[in-house]
Amino acid sequence: MEKSKLMFLNNLLKVSDESRKFSQGKIALREKQNRTLSADVKSVLYYRDWIQTQTNHTFDKTRILGIVAAAKGAENYLPYTIPKIIQQISEIGMKADIVIGLNHGFECPAVIDRFSLLQNTQIIHLYTQEKLANNIPAPIFDNIMCQGKPYCLTNTDVYKYRHRIFVVHQKQGQYSAGKIRVLGDIYGSLLLKSIEHGWIPPALLITFDAESQFLVARNHSVIDIESNGLKLIITKLLTSPKIDILGTKNKFAVYQKAIVDGIEVLLPDFSEELPPIQWFIDIVHGRFSSFECKWGGGTFGKTDVIVSLLVVISINYPGIRTEDTQLTILGKYAGFIGDIFLDVISTNRTPSIADMTMEHPQRKAWIEQIYRWLTSVESLKLLYGEHNISMLVNIGFPWFTLTHPITFLKLVMANKSINLPTIFNKTKLLFLSILYYYNIQKDSTKNPDILQGDKAKAFW
């Protein structure tokens with residue numbers, strides 16, 4: 001009997017000791033995650049202060065800076081998105097400086113040549129040296145041999161043309177592949193070096209994707225395809241000087257072939273049914289806690305704020321594929337004031353329900369799209385801690401569907417006559433989206449992205 005009691009006590013002490021060690025390990029991990037977040041925020045604020053000091057708090061209020069990274073497939077969108085954005089900027093009486101980063105040796109000469117036909121628009125070709133490491137911005141030159149001094153943007157020649165398009169040809173190399181790598185060269189080399197040498201940048205900056213269109217959504221849902229959403233969101237920023245970052249509302253769409261000005265392109269088809277998770281995200285984005293990311297396809301803000309964020313992200317985390325999610329997290333903890341502007345949508349391509357991936361075994365392409373995003377979010381959860389990011393990024397069950405059911409159901413049924421078939425269809429979509437989301441999220445935790453070091457992969 002005494003022996004049994006002793007064994008019981010030993011086992012109890014063993015379990016207690018293991019529980020204590022587990023708790024200590026969890027606390028140590030949280031503290032490490034907090035320190036990492038704090039260090040990144042400190043770096044962001046350092047760069048912002050440096051930019052403000054270099055420019056003497058002066059920014060060009062007559063121009064808007066736009067940044068887009070491009071890889072294979074971008075030729076299907078840029079022929080109409082770039083002219084459209086320049087036109088929208090012109091309509092508000094401002095001038096455009098658009099930087100297109102062609103990643104890892106990608107070229108689309110026919111598309112770029114057509115830009116020279118745009119009225120009062122200068123095309124400037126720039127070239128990078130080969131990257132020495134995945135987190136070192138490559139010097140940028142105005143000649144293909146990369147000779148002489150690195151190129152710097154200036155304010156002295158902006159009066160020759162109303163608009164400027166800078167085409168950055170990133171040299172193909174061991175460390176160049178991936179969206180964040182070419183963004184690193186643009187933000188960490190071209191923009192920072194230009195500011196260091198006296199360039200006064202535009203006050204406002206837009207990050208967008210090759211397929212992005214900025215359109216007005218009347219009553220937050222009915223899309224006006226002829227509208228100027230860029231004008232609306234810029235006006236909001238100009239009249240709300242306290243806002244640092246303003247995201248558009250995401251709008252997924254399946255893209256279809258079309259002819260624009262004699263060129264075959266891909267345009268969004270807003271009438272085609274979306275896959276269930278993409279449909280769900282469109283409904284809740286910007287309206288509920290944990291779905292408040294500023295999407296890379298349409299984030300507007302103060303240039304010093306966005307540059308400081310993306311410089312830190314691109315240098316510190318060359319394996320990140322959701323730089324927009326990380327920007328949202330760091331922006332929040334850096335104290336930048338941000339919001340989602342529900343009146344303006346930015347288009348975001350999604351595969352159709354029937355599309356399959358090319359690799360073997362094949363998977364539904366729309367599931368793969370969400371899986372890639374959640375895998376990157378998992379890496380951010382490990383980096384900064386779930387306790388630090390859950391308010392901005394959905395990680396678990398969307399509890400707002402239960403805590404705010406009336407508000408949520410009204411959004412689900414928006415612009416649809418309420419009848420039994422509609423209720424059945426929407427309920428089925430809702431059930432499928434939550435079920436798929438849970439299963440994909442569970443799979444994504446198995447292989448989180450590697451964000452730093454030589455093993456960090458290149459992603460789009």
# chains A, B, ... in the order shown; residues from 1 in each chain; ligands from 1
>>> closest_atom_pairs(of="range 305-419 of chain A", to="range 268-284 of chain A", cutoff="12 Å", atoms="only C-alpha atoms", output="tab-separated table")
residue	atom	partner	partner_atom	distance
A:Ile340	CA	A:Val284	CA	11.5
A:Leu342	CA	A:Val284	CA	10.8
A:Ile345	CA	A:Asp282	CA	9.9
A:Ser346	CA	A:Asp282	CA	10.9
A:Thr347	CA	A:Pro268	CA	7.5
A:Asn348	CA	A:Pro268	CA	8.5
A:Arg349	CA	A:Pro268	CA	7.4
A:Thr350	CA	A:Gln278	CA	7.7
A:Pro351	CA	A:Pro275	CA	8.0
A:Ser352	CA	A:Leu274	CA	6.6
A:Ile353	CA	A:Pro275	CA	5.2
A:Ala354	CA	A:Pro275	CA	9.0
A:Asp355	CA	A:Pro275	CA	10.3
A:Lys364	CA	A:Pro275	CA	10.1
A:Ala365	CA	A:Pro275	CA	9.9
A:Trp366	CA	A:Pro275	CA	6.7
A:Ile367	CA	A:Ile277	CA	8.3
A:Glu368	CA	A:Ile277	CA	11.4
A:Gln369	CA	A:Gln278	CA	9.5
A:Ile370	CA	A:Ile277	CA	7.9
A:Tyr371	CA	A:Ile277	CA	10.9
A:Trp373	CA	A:Gln278	CA	11.8
A:Val393	CA	A:Ile281	CA	11.7
A:Asn394	CA	A:Ile281	CA	10.4
A:Pro398	CA	A:Val284	CA	9.8
A:Trp399	CA	A:Val284	CA	11.9
A:Phe400	CA	A:Val284	CA	9.6
A:Thr401	CA	A:Val284	CA	9.7
A:His404	CA	A:Val284	CA	11.7
A:Thr407	CA	A:Val284	CA	10.4
A:Phe408	CA	A:Val284	CA	8.0
A:Leu409	CA	A:Ile283	CA	10.0
A:Lys410	CA	A:Ile283	CA	10.2
A:Leu411	CA	A:Ile283	CA	6.5
A:Val412	CA	A:Ile283	CA	6.8
A:Met413	CA	A:Ile283	CA	10.0
A:Ala414	CA	A:Ile283	CA	9.4
>>> residues_around(residues="Asp244 in chain A", least_positions_apart="2", cutoff="12 Å", atoms="only C-alpha atoms", output="NGL selection string")
:A and (48 or 203-205 or 234 or 236-238 or 240-242 or 246-247 or 294 or 299-307 or 309 or 328 or 331-332 or 334-340)
>>> select_by_dssp(residues="range 265-344 of chain A", states="strand (DSSP E or B)", output="ChimeraX atom specification")
/A:265-269,291,298-302,338-344
>>> write_last_selection(atoms="C-alpha atoms", output="mmCIF file, in the first residue's frame")
data_model
loop_
_atom_site.group_PDB
_atom_site.id
_atom_site.type_symbol
_atom_site.label_atom_id
_atom_site.label_comp_id
_atom_site.auth_asym_id
_atom_site.auth_seq_id
_atom_site.Cartn_x
_atom_site.Cartn_y
_atom_site.Cartn_z
ATOM 1 C CA VAL A 265 -6.063 40.305 -71.748
ATOM 2 C CA LEU A 266 -7.768 38.834 -68.706
ATOM 3 C CA LEU A 267 -10.612 40.848 -67.158
ATOM 4 C CA PRO A 268 -12.625 40.207 -63.985
ATOM 5 C CA ASP A 269 -16.010 38.574 -64.475
ATOM 6 C CA PHE A 291 -10.310 40.111 -41.119
ATOM 7 C CA GLY A 298 -4.772 47.931 -52.969
ATOM 8 C CA THR A 299 -3.104 49.650 -50.011
ATOM 9 C CA PHE A 300 -2.852 53.437 -49.964
ATOM 10 C CA GLY A 301 -0.998 55.535 -47.444
ATOM 11 C CA LYS A 302 1.692 57.989 -46.485
ATOM 12 C CA GLY A 338 -5.183 52.475 -40.448
ATOM 13 C CA ASP A 339 -8.556 51.424 -41.756
ATOM 14 C CA ILE A 340 -10.349 49.564 -44.554
ATOM 15 C CA PHE A 341 -12.275 51.871 -46.900
ATOM 16 C CA LEU A 342 -15.395 49.838 -47.685
ATOM 17 C CA ASP A 343 -16.568 52.158 -50.481
ATOM 18 C CA VAL A 344 -13.676 51.155 -52.778
#
>>> residues_around(residues="Leu374 in chain A", least_positions_apart="5", cutoff="10 Å", atoms="only C-alpha atoms", output="PyMOL selection string")
chain A and resi 322+368-369+379-380+393-395+437+440-445+448-449
>>> residues_around(residues="Leu78 in chain A", least_positions_apart="4", cutoff="7 Å", atoms="only C-alpha atoms", output="ChimeraX atom specification")
/A:74,82,210-211
>>> closest_residue(among="A:Ala177, A:Ala28, A:Leu392, A:Ile85", to="Gln213 in chain A", atoms="only C-alpha atoms")
A:Ile85
>>> closest_atom_pairs(of="range 288-395 of chain A", to="range 178-201 of chain A", cutoff="8 Å", atoms="only C-alpha atoms", output="JSON lines")
{"residue": "A:Thr303", "atom": "CA", "partner": "A:Pro201", "partner_atom": "CA", "distance": 7.4}
{"residue": "A:Val307", "atom": "CA", "partner": "A:Tyr187", "partner_atom": "CA", "distance": 6.2}
{"residue": "A:Leu310", "atom": "CA", "partner": "A:Tyr187", "partner_atom": "CA", "distance": 6.8}
{"residue": "A:Val311", "atom": "CA", "partner": "A:Gly188", "partner_atom": "CA", "distance": 5.3}
{"residue": "A:Ser314", "atom": "CA", "partner": "A:Gly184", "partner_atom": "CA", "distance": 4.9}
{"residue": "A:Ile315", "atom": "CA", "partner": "A:Gly184", "partner_atom": "CA", "distance": 6.6}
{"residue": "A:Pro318", "atom": "CA", "partner": "A:Ile180", "partner_atom": "CA", "distance": 6.3}
{"residue": "A:Gly319", "atom": "CA", "partner": "A:Ile180", "partner_atom": "CA", "distance": 7.6}
{"residue": "A:Ile320", "atom": "CA", "partner": "A:Ile180", "partner_atom": "CA", "distance": 6.9}
{"residue": "A:Arg321", "atom": "CA", "partner": "A:Ile180", "partner_atom": "CA", "distance": 7.0}
{"residue": "A:Glu323", "atom": "CA", "partner": "A:Ile180", "partner_atom": "CA", "distance": 7.3}
>>> write_last_selection(atoms="C-alpha atoms", output="tab-separated table (two decimals), in the first residue's frame")
chain	number	residue	atom	x	y	z
A	303	THR	CA	4.89	57.27	-48.37
A	307	VAL	CA	8.30	52.60	-47.35
A	310	LEU	CA	8.27	47.35	-46.61
A	311	VAL	CA	11.98	48.09	-46.23
A	314	SER	CA	11.87	42.82	-47.38
A	315	ILE	CA	15.27	42.97	-45.64
A	318	PRO	CA	13.04	37.42	-47.67
A	319	GLY	CA	10.89	34.28	-47.42
A	320	ILE	CA	7.59	36.08	-46.74
A	321	ARG	CA	4.82	35.69	-49.31
A	323	GLU	CA	4.00	40.96	-47.02
>>> atom_distance(atom1="CA of Tyr175 in chain A", atom2="CA of Cys293 in chain A")
27.9 Å
>>> closest_residue(among="A:Gln88, A:Thr128, A:Asn228, A:Gln174", to="Ala458 in chain A", atoms="only C-alpha atoms")
A:Gln174
>>> residues_around(residues="Phe208 in chain A", least_positions_apart="5", cutoff="6 Å", atoms="only C-alpha atoms", output="PDB file with all heavy atoms, in the first residue's frame")
ATOM      1  N   VAL A  68       4.334  48.310 -58.174  1.00  0.00           N
ATOM      2  CA  VAL A  68       3.784  47.005 -58.507  1.00  0.00           C
ATOM      3  C   VAL A  68       4.915  46.067 -58.904  1.00  0.00           C
ATOM      4  O   VAL A  68       5.826  46.446 -59.637  1.00  0.00           O
ATOM      5  CB  VAL A  68       2.734  47.102 -59.635  1.00  0.00           C
ATOM      6  CG1 VAL A  68       3.325  47.707 -60.904  1.00  0.00           C
ATOM      7  CG2 VAL A  68       2.117  45.740 -59.936  1.00  0.00           C
ATOM      8  N   GLY A 296      -2.342  43.599 -50.390  1.00  0.00           N
ATOM      9  CA  GLY A 296      -1.307  44.167 -51.250  1.00  0.00           C
ATOM     10  C   GLY A 296      -1.827  44.639 -52.587  1.00  0.00           C
ATOM     11  O   GLY A 296      -1.192  45.439 -53.263  1.00  0.00           O
ATOM     12  N   GLY A 297      -3.014  44.146 -52.980  1.00  0.00           N
ATOM     13  CA  GLY A 297      -3.596  44.570 -54.251  1.00  0.00           C
ATOM     14  C   GLY A 297      -4.192  45.953 -54.218  1.00  0.00           C
ATOM     15  O   GLY A 297      -4.603  46.475 -55.266  1.00  0.00           O
ATOM     16  N   GLY A 298      -4.210  46.589 -53.045  1.00  0.00           N
ATOM     17  CA  GLY A 298      -4.772  47.931 -52.969  1.00  0.00           C
ATOM     18  C   GLY A 298      -4.603  48.556 -51.602  1.00  0.00           C
ATOM     19  O   GLY A 298      -5.554  48.696 -50.836  1.00  0.00           O
TER      20      GLY A 298
END
